[in-house]
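Engineer: Next up, run_21.tsv (TSV, C-alpha atoms (C1' of nucleotides)).
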chain	number	residue	atom	x	y	z
A	1	MET	CA	12.06	80.25	97.04
A	2	ALA	CA	12.83	83.93	97.31
A	3	ASP	CA	12.37	86.06	94.24
A	4	ASP	CA	16.03	86.63	93.69
A	5	ASP	CA	16.89	83.01	94.17
A	6	PHE	CA	15.87	82.06	90.70
A	7	GLN	CA	18.66	80.92	88.43
A	8	LEU	CA	18.58	79.66	84.91
A	9	GLN	CA	20.95	76.89	85.96
A	10	TYR	CA	18.22	75.45	88.12
A	11	PHE	CA	15.44	75.77	85.59
A	12	LEU	CA	14.88	72.27	84.29
A	13	PRO	CA	13.50	73.04	80.83
A	14	TYR	CA	16.51	75.26	80.20
A	15	LEU	CA	19.01	72.74	81.48
A	16	LEU	CA	17.41	69.98	79.48
A	17	ASN	CA	17.48	72.02	76.32
A	18	GLN	CA	21.12	72.91	76.75
A	19	ALA	CA	22.13	69.34	77.39
A	20	ALA	CA	19.99	68.05	74.55
A	21	GLU	CA	21.39	70.50	72.05
A	22	ALA	CA	24.97	70.03	73.10
A	23	SER	CA	24.74	66.26	73.13
A	24	SER	CA	22.98	66.03	69.77
A	25	LEU	CA	25.38	68.21	67.89
A	26	GLU	CA	28.15	65.84	66.90
A	27	PHE	CA	25.83	63.00	66.07
A	28	GLN	CA	23.71	65.32	63.99
A	29	GLN	CA	26.71	66.29	61.94
A	30	ILE	CA	27.37	62.66	61.16
A	31	TYR	CA	23.97	61.72	59.78
A	32	LYS	CA	23.76	65.04	58.04
A	33	SER	CA	27.09	64.90	56.29
A	34	ARG	CA	27.07	61.17	55.65
A	35	TYR	CA	23.48	60.78	54.40
A	36	GLY	CA	22.11	64.30	54.08
A	37	MET	CA	19.46	63.52	56.66
A	38	LEU	CA	17.53	65.81	58.96
A	39	ARG	CA	16.68	64.97	62.53
A	40	THR	CA	13.15	63.97	61.59
A	41	GLU	CA	14.48	61.65	58.91
A	42	TRP	CA	16.97	60.07	61.22
A	43	ARG	CA	14.19	59.41	63.72
A	44	VAL	CA	11.94	57.76	61.18
A	45	LEU	CA	14.83	55.67	59.92
A	46	PHE	CA	15.66	54.51	63.44
A	47	HIS	CA	12.11	53.60	64.26
A	48	LEU	CA	11.84	51.50	61.13
A	49	GLY	CA	15.22	49.94	61.79
A	50	LEU	CA	14.31	49.04	65.33
A	51	TYR	CA	10.72	47.97	65.01
A	52	GLY	CA	10.46	46.86	61.38
A	53	GLN	CA	7.41	47.70	59.34
A	54	LEU	CA	5.36	50.55	60.75
A	55	THR	CA	2.76	53.01	59.54
A	56	ALA	CA	3.27	56.76	59.69
A	57	SER	CA	0.88	57.15	62.61
A	58	GLU	CA	2.54	54.37	64.56
A	59	ILE	CA	5.82	56.22	64.20
A	60	GLY	CA	4.05	59.38	65.26
A	61	GLN	CA	2.82	57.80	68.47
A	62	ARG	CA	6.12	56.25	69.39
A	63	ALA	CA	8.27	59.23	68.55
A	64	ARG	CA	5.76	61.89	69.57
A	65	MET	CA	6.27	63.57	66.26
A	66	HIS	CA	3.58	65.48	64.41
A	67	LYS	CA	2.21	63.77	61.32
A	68	THR	CA	3.28	66.52	58.97
A	69	LYS	CA	6.87	66.11	60.06
A	70	ILE	CA	6.62	62.41	59.45
A	71	SER	CA	4.94	62.86	56.12
A	72	ARG	CA	7.76	65.05	54.89
A	73	ALA	CA	10.47	62.87	56.36
A	74	VAL	CA	8.99	59.79	54.69
A	75	HIS	CA	8.70	61.65	51.43
A	76	ARG	CA	12.38	62.49	51.42
A	77	LEU	CA	13.41	59.05	52.60
A	78	THR	CA	11.50	57.39	49.76
A	79	GLU	CA	12.98	59.82	47.24
A	80	ARG	CA	16.40	58.71	48.36
A	81	ARG	CA	15.37	55.05	48.25
A	82	PHE	CA	15.82	54.43	51.95
A	83	VAL	CA	12.18	53.58	52.53
A	84	THR	CA	9.37	51.91	50.60
A	85	ARG	CA	5.66	52.36	51.09
A	86	THR	CA	3.02	49.71	50.51
A	87	ARG	CA	-0.70	50.26	50.75
A	88	ASP	CA	-2.65	48.21	53.22
A	89	ASP	CA	-5.10	45.92	51.42
A	90	GLY	CA	-7.77	46.10	54.09
A	91	ASP	CA	-7.65	49.86	54.69
A	92	ARG	CA	-6.40	51.79	51.72
A	93	ARG	CA	-5.72	54.95	53.72
A	94	VAL	CA	-2.90	53.17	55.51
A	95	GLU	CA	0.64	52.80	54.24
A	96	HIS	CA	3.14	50.34	55.62
A	97	LEU	CA	6.66	51.68	55.64
A	98	SER	CA	9.81	49.66	55.63
A	99	LEU	CA	13.49	50.05	54.95
A	100	THR	CA	15.01	49.21	51.60
A	101	ARG	CA	18.30	47.36	51.53
A	102	GLN	CA	19.96	50.74	51.24
A	103	GLY	CA	17.94	52.10	54.13
A	104	GLN	CA	18.88	49.12	56.24
A	105	ALA	CA	22.55	49.70	55.45
A	106	ALA	CA	22.29	53.35	56.46
A	107	TYR	CA	20.50	52.34	59.63
A	108	ASP	CA	23.12	49.73	60.50
A	109	ASP	CA	25.86	52.24	59.97
A	110	LEU	CA	24.22	55.00	61.98
A	111	ARG	CA	23.17	52.66	64.75
A	112	ALA	CA	26.80	51.66	65.22
A	113	VAL	CA	27.80	55.31	65.30
A	114	ALA	CA	25.03	56.06	67.79
A	115	GLN	CA	26.16	53.24	70.04
A	116	ARG	CA	29.74	54.44	70.14
A	117	TYR	CA	28.58	58.01	70.56
A	118	ASN	CA	26.30	57.05	73.40
A	119	ALA	CA	29.01	55.03	75.07
A	120	ALA	CA	31.31	58.04	74.98
A	121	LEU	CA	28.66	60.19	76.61
A	122	MET	CA	27.93	57.55	79.22
A	123	ASP	CA	31.60	57.26	80.03
A	124	THR	CA	31.59	60.77	81.39
A	125	LEU	CA	29.09	59.65	84.05
A	126	ASP	CA	29.38	56.96	86.62
A	127	PRO	CA	26.94	54.07	86.29
A	128	ALA	CA	24.76	55.08	89.21
A	129	GLU	CA	24.41	58.59	87.86
A	130	ALA	CA	23.62	57.27	84.41
A	131	ALA	CA	20.83	55.10	85.76
A	132	VAL	CA	19.27	57.96	87.67
A	133	LEU	CA	19.59	60.22	84.66
A	134	ARG	CA	17.84	57.77	82.40
A	135	ARG	CA	15.05	57.12	84.88
A	136	THR	CA	14.39	60.80	85.56
A	137	LEU	CA	14.42	61.70	81.88
A	138	LEU	CA	11.81	59.06	81.14
A	139	LYS	CA	9.74	60.25	84.05
A	140	LEU	CA	9.92	63.87	82.97
A	141	SER	CA	8.96	63.00	79.41
A	142	ASP	CA	5.83	61.32	80.65
A	143	VAL	CA	4.87	63.68	83.44
A	144	ALA	CA	5.37	66.78	81.37
A	145	GLN	CA	3.56	65.18	78.48
A	146	GLU	CA	0.42	64.54	80.41
A	147	GLY	CA	0.42	67.98	81.98
A	148	PHE	CA	0.86	68.18	85.70
A	149	THR	CA	-1.06	71.27	86.68
B	1	MET	CA	26.89	45.93	73.32
B	2	ALA	CA	25.45	43.51	70.80
B	3	ASP	CA	24.05	44.92	67.60
B	4	ASP	CA	20.47	44.17	68.44
B	5	ASP	CA	20.81	45.57	71.91
B	6	PHE	CA	20.47	49.11	70.77
B	7	GLN	CA	17.34	50.89	71.89
B	8	LEU	CA	16.23	54.42	71.38
B	9	GLN	CA	15.24	54.54	75.05
B	10	TYR	CA	18.88	54.23	75.98
B	11	PHE	CA	20.20	56.75	73.50
B	12	LEU	CA	20.96	59.83	75.53
B	13	PRO	CA	20.54	62.52	72.86
B	14	TYR	CA	17.12	61.11	72.06
B	15	LEU	CA	16.05	60.87	75.69
B	16	LEU	CA	17.27	64.37	76.38
B	17	ASN	CA	15.41	65.77	73.42
B	18	GLN	CA	12.18	64.07	74.40
B	19	ALA	CA	12.39	65.29	77.96
B	20	ALA	CA	13.40	68.78	76.89
B	21	GLU	CA	10.56	69.10	74.41
B	22	ALA	CA	7.95	67.70	76.75
B	23	SER	CA	9.05	69.81	79.69
B	24	SER	CA	9.26	73.03	77.69
B	25	LEU	CA	5.84	72.79	76.15
B	26	GLU	CA	3.57	74.22	78.80
B	27	PHE	CA	5.92	76.98	79.76
B	28	GLN	CA	6.37	77.89	76.13
B	29	GLN	CA	2.63	78.31	75.75
B	30	ILE	CA	2.61	80.75	78.62
B	31	TYR	CA	5.21	83.20	77.39
B	32	LYS	CA	3.89	82.83	73.89
B	33	SER	CA	0.26	83.53	74.68
B	34	ARG	CA	0.92	86.09	77.38
B	35	TYR	CA	3.63	88.16	75.68
B	36	GLY	CA	3.84	86.84	72.14
B	37	MET	CA	7.43	85.81	72.73
B	38	LEU	CA	9.54	83.16	71.06
B	39	ARG	CA	11.97	80.93	72.87
B	40	THR	CA	14.92	83.08	71.78
B	41	GLU	CA	13.21	86.19	73.10
B	42	TRP	CA	12.35	84.60	76.38
B	43	ARG	CA	15.99	83.58	76.80
B	44	VAL	CA	17.30	87.04	76.11
B	45	LEU	CA	14.74	88.52	78.50
B	46	PHE	CA	15.75	86.11	81.24
B	47	HIS	CA	19.42	86.77	80.84
B	48	LEU	CA	18.87	90.50	81.10
B	49	GLY	CA	16.53	90.03	84.04
B	50	LEU	CA	19.02	87.86	85.88
B	51	TYR	CA	22.30	89.55	85.10
B	52	GLY	CA	21.29	93.13	84.37
B	53	GLN	CA	22.93	95.04	81.56
B	54	LEU	CA	24.63	92.84	78.99
B	55	THR	CA	25.82	93.07	75.41
B	56	ALA	CA	24.55	90.80	72.68
B	57	SER	CA	27.76	88.79	72.59
B	58	GLU	CA	27.79	88.33	76.34
B	59	ILE	CA	24.31	86.87	76.07
B	60	GLY	CA	25.52	84.69	73.22
B	61	GLN	CA	28.32	83.25	75.33
B	62	ARG	CA	26.18	82.61	78.36
B	63	ALA	CA	23.22	81.16	76.49
B	64	ARG	CA	25.21	79.49	73.74
B	65	MET	CA	22.99	81.13	71.19
B	66	HIS	CA	24.11	82.21	67.75
B	67	LYS	CA	24.45	85.93	67.26
B	68	THR	CA	21.86	86.11	64.50
B	69	LYS	CA	19.27	84.63	66.80
B	70	ILE	CA	20.13	87.17	69.43
B	71	SER	CA	20.13	90.03	66.97
B	72	ARG	CA	16.61	89.19	65.85
B	73	ALA	CA	15.35	88.53	69.35
B	74	VAL	CA	16.71	91.87	70.53
B	75	HIS	CA	15.16	93.57	67.54
B	76	ARG	CA	11.72	92.25	68.40
B	77	LEU	CA	12.15	92.94	72.10
B	78	THR	CA	13.05	96.56	71.45
B	79	GLU	CA	10.11	96.94	69.06
B	80	ARG	CA	7.85	95.84	71.86
B	81	ARG	CA	9.58	98.14	74.32
B	82	PHE	CA	10.87	95.38	76.56
B	83	VAL	CA	14.52	96.24	75.97
B	84	THR	CA	16.57	99.36	75.30
B	85	ARG	CA	19.94	99.58	73.58
B	86	THR	CA	22.65	102.10	74.37
B	87	ARG	CA	25.90	102.47	72.49
B	88	ASP	CA	29.11	102.02	74.37
B	89	ASP	CA	31.07	105.26	74.43
B	90	GLY	CA	34.46	103.62	74.33
B	91	ASP	CA	33.75	101.08	71.59
B	92	ARG	CA	30.96	102.14	69.29
B	93	ARG	CA	30.42	98.67	67.86
B	94	VAL	CA	29.09	97.54	71.22
B	95	GLU	CA	25.54	97.95	72.47
B	96	HIS	CA	24.51	97.60	76.07
B	97	LEU	CA	21.10	96.04	76.48
B	98	SER	CA	18.82	96.41	79.44
B	99	LEU	CA	15.20	95.88	80.35
B	100	THR	CA	12.68	98.68	80.27
B	101	ARG	CA	10.20	98.99	83.12
B	102	GLN	CA	7.82	97.00	80.95
B	103	GLY	CA	10.47	94.38	80.23
B	104	GLN	CA	11.23	94.09	83.92
B	105	ALA	CA	7.54	93.56	84.64
B	106	ALA	CA	7.31	90.82	82.03
B	107	TYR	CA	10.43	89.22	83.41
B	108	ASP	CA	9.12	89.33	86.99
B	109	ASP	CA	5.89	87.75	85.88
B	110	LEU	CA	7.52	85.01	83.83
B	111	ARG	CA	10.15	84.30	86.45
B	112	ALA	CA	7.38	83.62	88.94
B	113	VAL	CA	5.68	81.33	86.46
B	114	ALA	CA	8.97	79.57	85.76
B	115	GLN	CA	9.59	79.03	89.45
B	116	ARG	CA	6.20	77.46	90.02
B	117	TYR	CA	6.56	75.44	86.85
B	118	ASN	CA	9.97	74.22	87.86
B	119	ALA	CA	8.78	73.35	91.34
B	120	ALA	CA	6.01	71.24	89.86
B	121	LEU	CA	8.53	69.37	87.71
B	122	MET	CA	10.87	68.90	90.64
B	123	ASP	CA	8.07	67.57	92.75
B	124	THR	CA	7.83	64.54	90.52
B	125	LEU	CA	11.40	63.63	91.51
B	126	ASP	CA	12.85	62.97	94.88
B	127	PRO	CA	15.54	65.39	96.04
B	128	ALA	CA	18.43	63.00	95.54
B	129	GLU	CA	17.33	62.26	92.00
B	130	ALA	CA	16.89	65.93	91.27
B	131	ALA	CA	20.42	66.69	92.43
B	132	VAL	CA	21.91	63.95	90.27
B	133	LEU	CA	19.83	65.06	87.32
B	134	ARG	CA	21.00	68.62	87.58
B	135	ARG	CA	24.63	67.65	87.98
B	136	THR	CA	24.62	65.23	85.05
B	137	LEU	CA	22.84	67.70	82.77
B	138	LEU	CA	25.44	70.35	83.49
B	139	LYS	CA	28.20	67.85	82.91
B	140	LEU	CA	26.73	66.69	79.61
B	141	SER	CA	26.29	70.25	78.41
B	142	ASP	CA	29.97	70.90	78.97
B	143	VAL	CA	31.41	67.61	77.87
B	144	ALA	CA	29.39	67.43	74.70
B	145	GLN	CA	30.13	71.06	74.00
B	146	GLU	CA	33.86	70.59	74.02
B	147	GLY	CA	33.69	67.46	71.92
B	148	PHE	CA	34.80	64.25	73.49
B	149	THR	CA	36.18	62.25	70.63
C	1	DC	C1'	49.71	106.84	59.10
C	2	DT	C1'	48.10	102.80	56.19
C	3	DG	C1'	46.79	98.27	55.05
C	4	DT	C1'	45.21	93.91	57.08
C	5	DA	C1'	42.90	91.37	60.37
C	6	DA	C1'	39.55	90.89	64.03
C	7	DT	C1'	35.14	91.88	66.42
C	8	DA	C1'	30.06	93.55	67.18
C	9	DG	C1'	26.14	93.22	65.21
C	10	DT	C1'	22.85	93.06	60.94
C	11	DT	C1'	20.71	91.46	56.69
C	12	DG	C1'	19.29	88.29	52.67
C	13	DG	C1'	18.03	84.08	50.84
C	14	DA	C1'	17.41	79.22	51.16
C	15	DT	C1'	15.82	75.61	54.27
C	16	DT	C1'	12.88	73.89	57.90
C	17	DT	C1'	9.01	74.00	60.83
C	18	DG	C1'	4.24	74.99	62.44
C	19	DT	C1'	-0.64	75.53	61.73
C	20	DA	C1'	-4.58	74.84	59.44
C	21	DA	C1'	-7.03	73.36	55.71
C	22	DC	C1'	-7.37	69.79	52.57
C	23	DT	C1'	-8.22	64.87	50.02
C	24	DA	C1'	-9.25	60.19	50.33
C	25	DA	C1'	-10.97	56.23	52.56
C	26	DC	C1'	-13.55	54.07	56.05
C	27	DA	C1'	-17.37	53.65	59.85
C	28	DA	C1'	-21.82	53.99	61.81
C	29	DG	C1'	-26.60	55.51	62.26
C	30	DC	C1'	-30.67	55.80	60.27
D	1	DG	C1'	-27.58	53.78	50.26
D	2	DC	C1'	-26.96	58.40	52.07
D	3	DT	C1'	-25.46	61.66	55.55
D	4	DT	C1'	-22.27	62.62	59.29
D	5	DG	C1'	-18.18	61.85	61.63
D	6	DT	C1'	-13.48	59.97	62.02
D	7	DT	C1'	-8.91	58.62	60.64
D	8	DA	C1'	-4.51	58.42	57.46
D	9	DG	C1'	-1.83	61.12	55.24
D	10	DT	C1'	-0.72	65.44	52.21
D	11	DT	C1'	-0.32	70.20	50.89
D	12	DA	C1'	-0.14	75.39	51.26
D	13	DC	C1'	1.21	79.38	53.43
D	14	DA	C1'	3.17	81.80	57.19
D	15	DA	C1'	6.66	81.86	60.66
D	16	DA	C1'	11.21	80.70	62.33
D	17	DT	C1'	15.93	79.11	61.65
D	18	DC	C1'	20.35	78.52	59.44
D	19	DC	C1'	24.27	79.96	56.91
D	20	DA	C1'	26.89	83.07	54.59
D	21	DA	C1'	27.87	87.51	53.28
D	22	DC	C1'	27.66	92.13	54.74
D	23	DT	C1'	28.61	97.03	57.35
D	24	DA	C1'	30.83	99.47	60.74
D	25	DT	C1'	34.25	99.95	64.01
D	26	DT	C1'	38.48	98.87	66.43
D	27	DA	C1'	43.27	96.71	66.79
D	28	DC	C1'	47.64	96.09	65.36
D	29	DA	C1'	51.86	95.40	62.33
D	30	DG	C1'	55.07	97.59	59.86
Using the file provided, produce a representation of the structure as structure tokens.
Structural biologist:
Amino acid sequence: MADDDFQLQYFLPYLLNQAAEASSLEFQQIYKSRYGMLRTEWRVLFHLGLYGQLTASEIGQRARMHKTKISRAVHRLTERRFVTRTRDDGDRRVEHLSLTRQGQAAYDDLRAVAQRYNAALMDTLDPAEAAVLRRTLLKLSDVAQEGFT
Amino acid sequence: MADDDFQLQYFLPYLLNQAAEASSLEFQQIYKSRYGMLRTEWRVLFHLGLYGQLTASEIGQRARMHKTKISRAVHRLTERRFVTRTRDDGDRRVEHLSLTRQGQAAYDDLRAVAQRYNAALMDTLDPAEAAVLRRTLLKLSDVAQEGFT
DNA sequence: CTGTAATAGTTGGATTTGTAACTAACAAGC
DNA sequence: GCTTGTTAGTTACAAATCCAACTATTACAG
């Protein structure tokens, strides 16, 4: 590639960031205005809603979120009675997190919103494109994660 | 879609965020360690490097960045002598920004890094996939931007 | 002209995040 | 059982971001 051939519109990290920000915006406003949640809190809520009881580190591994983020998100979610913590009997460092009835209700509501939201996004693509998009995004997440140099 | 069909791995905003974060990480470390830059500063630098002289609001429109972010990025970039500001004679609210020799050198260096970095990412995809990916990301940026509800 | 609105860019304060150090509990070697 | 190391999660402080209010300048209506 010649020096002057470089364009921001071909730089993948930039493109990905733009698309990610743009496509998160409206959904973000919903969980923010409806439940006063931050992105980290929404993510924790969704992981608990989808996978049931989890520990903070399990969420960290799945979501690739740093433990301090999770710690703070869990703190706020328990304050608002969306999540309960129970100590593990065998290993008292570990806490098992799960949704309260209220947390489950919020999750159900937001999951439905997310599904509709996602469907609207998907509708702007044709199915073949959507499949390729999904596959490449997963690949990039993994490849870039591991470091490819 | 049935209620229990929902999966985070199919939720586009989530996928996009994961891929964006993962694929930005290594590059971020380079401009951070090499020039002490933040993401906002790198973006401003790249826009000036690519398009030459611009005003802060022009950068804001192109990069979809809020003006306060740009203001602070420009401030730091001028402190470090990467960017110079010159008042517009016709309209004295406006400032024209351009790279100093030093800023141009940093841009040239980082552009080369970005090109190699991008090539490495692209190499994990086949060309057809890459084309679809790029097209869909651009589409999503626009569609989601305008609001599709 | 003069008052009102719009635009370019900056600043202040609260909120959020990142980094590193910390506490508490367990594990393993000796 | 005591030292050393590891893991789960929290906290403190600095850095970065967001939002709203601000200054300065231009535009425009009457």
Engineer: Find the residues around DT2 in chain C up to 12 Å (only C-alpha atoms (C1' of nucleotides) counted), leave out those fewer than 4 positions away in its own chain, and share them as a VMD selection string.
Structural biologist: chain D and resid 28 to 30
Engineer: With a cut-off of 12 Å and counting all atoms listed in the file, select all residues of chain A in contact with chain D and give the selection as a PyMOL selection string.
Structural biologist: chain A and resi 55-58+60+66-72+74-75+87-88+91-96
Engineer: Quick one: everything within 9 Å of Tyr107 in chain A, counting only C-alpha atoms (C1' of nucleotides), minus sequence neighbours fewer than 2 positions away in the same chain. Send it as a list in words.
Structural biologist: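 The residues satisfying every condition are Trp42, Leu45, Phe46, Leu48, Gly49, Leu99, Gln102, Gly103, Gln104, Ala105, Asp109, Leu110, Arg111 and Ala112 of chain A.
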Engineer: Fit chain B to chain A: least squares, all C-alpha atoms, paired in order; write the output as a compact mmCIF listing (two decimals) with C-alpha atoms, in the coordinates of the input.
Structural biologist:
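To be explicit, this is the file written out as out34.txt:
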# COMPACT_ATOMS: atom_id res chain seq x y z
CA MET B 1 12.02 80.21 97.04
CA ALA B 2 12.80 83.89 97.32
CA ASP B 3 12.36 86.03 94.25
CA ASP B 4 16.03 86.61 93.71
CA ASP B 5 16.85 82.98 94.20
CA PHE B 6 15.84 82.04 90.73
CA GLN B 7 18.64 80.91 88.46
CA LEU B 8 18.57 79.66 84.95
CA GLN B 9 20.94 76.88 85.99
CA TYR B 10 18.21 75.44 88.15
CA PHE B 11 15.42 75.74 85.63
CA LEU B 12 14.88 72.25 84.33
CA PRO B 13 13.50 73.02 80.86
CA TYR B 14 16.50 75.25 80.23
CA LEU B 15 19.01 72.71 81.51
CA LEU B 16 17.41 69.96 79.50
CA ASN B 17 17.48 72.01 76.34
CA GLN B 18 21.12 72.92 76.78
CA ALA B 19 22.14 69.34 77.39
CA ALA B 20 19.98 68.06 74.55
CA GLU B 21 21.36 70.55 72.06
CA ALA B 22 24.96 70.05 73.09
CA SER B 23 24.73 66.28 73.10
CA SER B 24 22.95 66.08 69.75
CA LEU B 25 25.37 68.25 67.86
CA GLU B 26 28.13 65.88 66.89
CA PHE B 27 25.82 63.05 66.05
CA GLN B 28 23.70 65.36 63.97
CA GLN B 29 26.72 66.32 61.91
CA ILE B 30 27.37 62.69 61.16
CA TYR B 31 24.00 61.72 59.75
CA LYS B 32 23.78 65.05 58.02
CA SER B 33 27.13 64.89 56.27
CA ARG B 34 27.08 61.17 55.63
CA TYR B 35 23.50 60.76 54.38
CA GLY B 36 22.15 64.28 54.03
CA MET B 37 19.49 63.52 56.60
CA LEU B 38 17.56 65.81 58.91
CA ARG B 39 16.71 64.99 62.48
CA THR B 40 13.16 64.00 61.52
CA GLU B 41 14.48 61.64 58.87
CA TRP B 42 16.98 60.08 61.17
CA ARG B 43 14.20 59.44 63.69
CA VAL B 44 11.95 57.79 61.16
CA LEU B 45 14.85 55.67 59.92
CA PHE B 46 15.67 54.54 63.44
CA HIS B 47 12.13 53.64 64.27
CA LEU B 48 11.85 51.52 61.15
CA GLY B 49 15.24 49.97 61.79
CA LEU B 50 14.33 49.08 65.36
CA TYR B 51 10.73 48.01 65.04
CA GLY B 52 10.47 46.88 61.43
CA GLN B 53 7.41 47.71 59.38
CA LEU B 54 5.36 50.57 60.77
CA THR B 55 2.76 53.04 59.57
CA ALA B 56 3.27 56.78 59.71
CA SER B 57 0.89 57.19 62.63
CA GLU B 58 2.54 54.42 64.60
CA ILE B 59 5.82 56.26 64.21
CA GLY B 60 4.08 59.45 65.26
CA GLN B 61 2.84 57.88 68.48
CA ARG B 62 6.14 56.30 69.38
CA ALA B 63 8.29 59.29 68.52
CA ARG B 64 5.79 61.94 69.53
CA MET B 65 6.29 63.62 66.20
CA HIS B 66 3.61 65.53 64.35
CA LYS B 67 2.24 63.82 61.29
CA THR B 68 3.31 66.55 58.90
CA LYS B 69 6.89 66.12 59.98
CA ILE B 70 6.64 62.42 59.41
CA SER B 71 4.94 62.83 56.07
CA ARG B 72 7.76 65.03 54.80
CA ALA B 73 10.48 62.87 56.29
CA VAL B 74 9.00 59.78 54.67
CA HIS B 75 8.71 61.62 51.39
CA ARG B 76 12.40 62.46 51.38
CA LEU B 77 13.41 59.01 52.57
CA THR B 78 11.50 57.34 49.76
CA GLU B 79 12.99 59.75 47.22
CA ARG B 80 16.40 58.64 48.34
CA ARG B 81 15.37 55.00 48.26
CA PHE B 82 15.82 54.40 51.96
CA VAL B 83 12.17 53.54 52.55
CA THR B 84 9.36 51.89 50.61
CA ARG B 85 5.63 52.35 51.11
CA THR B 86 2.99 49.70 50.54
CA ARG B 87 -0.73 50.24 50.81
CA ASP B 88 -2.66 48.21 53.30
CA ASP B 89 -5.11 45.93 51.54
CA GLY B 90 -7.75 46.10 54.23
CA ASP B 91 -7.67 49.86 54.82
CA ARG B 92 -6.43 51.79 51.83
CA ARG B 93 -5.74 54.96 53.79
CA VAL B 94 -2.91 53.19 55.56
CA GLU B 95 0.64 52.81 54.28
CA HIS B 96 3.13 50.35 55.66
CA LEU B 97 6.66 51.68 55.67
CA SER B 98 9.81 49.64 55.67
CA LEU B 99 13.49 50.05 54.97
CA THR B 100 15.01 49.19 51.64
CA ARG B 101 18.31 47.32 51.56
CA GLN B 102 19.95 50.71 51.25
CA GLY B 103 17.94 52.09 54.16
CA GLN B 104 18.89 49.10 56.27
CA ALA B 105 22.55 49.69 55.46
CA ALA B 106 22.30 53.34 56.46
CA TYR B 107 20.52 52.36 59.64
CA ASP B 108 23.14 49.74 60.52
CA ASP B 109 25.88 52.26 59.97
CA LEU B 110 24.24 55.01 61.99
CA ARG B 111 23.19 52.67 64.76
CA ALA B 112 26.82 51.70 65.21
CA VAL B 113 27.81 55.34 65.29
CA ALA B 114 25.05 56.09 67.78
CA GLN B 115 26.17 53.27 70.04
CA ARG B 116 29.76 54.47 70.13
CA TYR B 117 28.59 58.04 70.56
CA ASN B 118 26.31 57.08 73.39
CA ALA B 119 29.01 55.05 75.07
CA ALA B 120 31.32 58.04 74.98
CA LEU B 121 28.64 60.19 76.63
CA MET B 122 27.93 57.54 79.22
CA ASP B 123 31.58 57.24 80.02
CA THR B 124 31.57 60.74 81.41
CA LEU B 125 29.06 59.59 84.05
CA ASP B 126 29.35 56.90 86.61
CA PRO B 127 26.91 54.01 86.28
CA ALA B 128 24.73 55.03 89.20
CA GLU B 129 24.39 58.54 87.83
CA ALA B 130 23.61 57.23 84.39
CA ALA B 131 20.81 55.05 85.74
CA VAL B 132 19.25 57.93 87.65
CA LEU B 133 19.58 60.18 84.64
CA ARG B 134 17.82 57.75 82.38
CA ARG B 135 15.03 57.10 84.84
CA THR B 136 14.39 60.78 85.54
CA LEU B 137 14.41 61.69 81.85
CA LEU B 138 11.81 59.04 81.10
CA LYS B 139 9.73 60.22 84.02
CA LEU B 140 9.92 63.86 82.94
CA SER B 141 8.96 62.98 79.39
CA ASP B 142 5.82 61.30 80.64
CA VAL B 143 4.87 63.64 83.42
CA ALA B 144 5.35 66.77 81.38
CA GLN B 145 3.56 65.17 78.47
CA GLU B 146 0.41 64.53 80.41
CA GLY B 147 0.41 67.97 81.97
CA PHE B 148 0.85 68.19 85.68
CA THR B 149 -1.09 71.26 86.65
Engineer: Do you have the CA of Arg134 in chain B-CA of Ser24 in chain B distance handy?
Structural biologist: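 One can read the CA of Arg134 in chain B to CA of Ser24 in chain B distance as 16.0 Å.
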Engineer: Out of C:DG3, C:DC26, C:DA14, C:DA20, which residue has the shortest atom-to-atom distance to chain A when counting all atoms listed in the file?
Structural biologist: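 Checking each of C:DG3, C:DC26, C:DA14, C:DA20 against chain A, counting all atoms listed in the file, the winner is C:DC26.
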Engineer: Under the rule of at most 6 Å, produce a per-residue listing of chain A near chain B: chain, number, name, the closest pair of atoms, and the distance in Å, as JSON lines, using only C-alpha atoms.
Structural biologist:
{"residue": "A:Pro13", "atom": "CA", "partner": "B:Ser24", "partner_atom": "CA", "distance": 5.3}
{"residue": "A:Leu16", "atom": "CA", "partner": "B:Ala20", "partner_atom": "CA", "distance": 4.9}
{"residue": "A:Asn17", "atom": "CA", "partner": "B:Ala20", "partner_atom": "CA", "distance": 5.2}
{"residue": "A:Ala19", "atom": "CA", "partner": "B:Ser141", "partner_atom": "CA", "distance": 4.4}
{"residue": "A:Ala20", "atom": "CA", "partner": "B:Leu16", "partner_atom": "CA", "distance": 4.9}
{"residue": "A:Ala22", "atom": "CA", "partner": "B:Gln145", "partner_atom": "CA", "distance": 5.3}
{"residue": "A:Ser23", "atom": "CA", "partner": "B:Ala144", "partner_atom": "CA", "distance": 5.0}
{"residue": "A:Ser24", "atom": "CA", "partner": "B:Pro13", "partner_atom": "CA", "distance": 5.3}
{"residue": "A:Leu133", "atom": "CA", "partner": "B:Leu133", "partner_atom": "CA", "distance": 5.5}
{"residue": "A:Leu137", "atom": "CA", "partner": "B:Ala19", "partner_atom": "CA", "distance": 5.7}
{"residue": "A:Leu140", "atom": "CA", "partner": "B:Ala19", "partner_atom": "CA", "distance": 5.8}
{"residue": "A:Ser141", "atom": "CA", "partner": "B:Ala19", "partner_atom": "CA", "distance": 4.4}
{"residue": "A:Ala144", "atom": "CA", "partner": "B:Ser23", "partner_atom": "CA", "distance": 5.1}
{"residue": "A:Gln145", "atom": "CA", "partner": "B:Ala22", "partner_atom": "CA", "distance": 5.3}
Engineer: Can you tell me which residues surround Thr78 in chain A at a distance of at most 10 Å, considering all atoms listed in the file, apart from same-chain residues fewer than 5 positions away, and format the answer as a list in words?
Structural biologist: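 Here the qualifying residues turn out to be Arg72, Ala73, Val83, Thr84, Arg85, Leu97, Ser98, Leu99, Thr100 and Gly103 of chain A.
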